[in-house]
Amino acid sequence: MRPLPETRSHSQKSLFETPSESRKPRPSWWTPLWQGLVSDKDAKHRNAMGSSIWLFLYLLTYANRKTGVVRRSIESIKLDTGSTLRTINRDLDRLREQDYITILEPKPLLKIRIEKWKEFKKDV
């Protein structure tokens, strides 16, 4: 059996990586965002969301364009964002308590509805 190299480049896969660790990067994606979320002179959304806005923006990019429903595992969110499980759970709770999301199913995949979702139309 060959010894493992001391160092490896980012393009080399370890023999011990799980499929989720070695998954291919997703292409960049964009999402529509209502101006009122960020142009808010009274800071209503900034105060309500705080740092949870980063998870909210992440959820927007994975939402179904017609329904506003997101299906993601906590592990996928953790791997994609680099956030800890504690942070993800805290942010989900804050977004839910402030009525930005509704958790429809908690397991095995989170099924989350983004509240006040507007269907994405191609002519926008």
# chains A, B, ... in the order shown; residues from 1 in each chain; ligands from 1
$ residues_around --residues "stretch 52-65 of chain A" --least-positions-apart "3" --cutoff "6 Å" --atoms "only C-alpha atoms" --output "count of residues only"
7
$ closest_residue --among "A:Ala43, A:Glu115, A:Leu37, A:Leu79" --to "A:Glu97" --atoms "only C-alpha atoms"
A:Glu115
$ closest_residue --among "A:Ile114, A:Pro108, A:Ser51, A:Lys66" --to "A:Ile88" --atoms "only C-alpha atoms"
A:Ser51
$ atom_distance --atom1 "atom CA of A:Leu85" --atom2 "atom CA of A:Asp99"
21.0 Å
$ residues_around --residues "A:Lys78" --least-positions-apart "4" --cutoff "12 Å" --atoms "only C-alpha atoms" --output "list in words"
Ser20, Glu21, Leu55, Tyr58, Arg72, Ser73, Ile74, Gly82, Ser83, Thr84, Leu85, Arg86, Thr87, Ile88 and Asn89 of chain A
$ atom_distance --atom1 "atom CA of A:Pro106" --atom2 "atom CA of A:Gly36"
29.0 Å
$ atom_distance --atom1 "atom CA of A:Thr81" --atom2 "atom CA of A:Arg46"
19.9 Å
$ select_by_dssp --residues "stretch 15-117 of chain A" --states "strand (DSSP E)" --output "VMD selection string"
chain A and resid 69 to 72 101 to 105 110 to 114
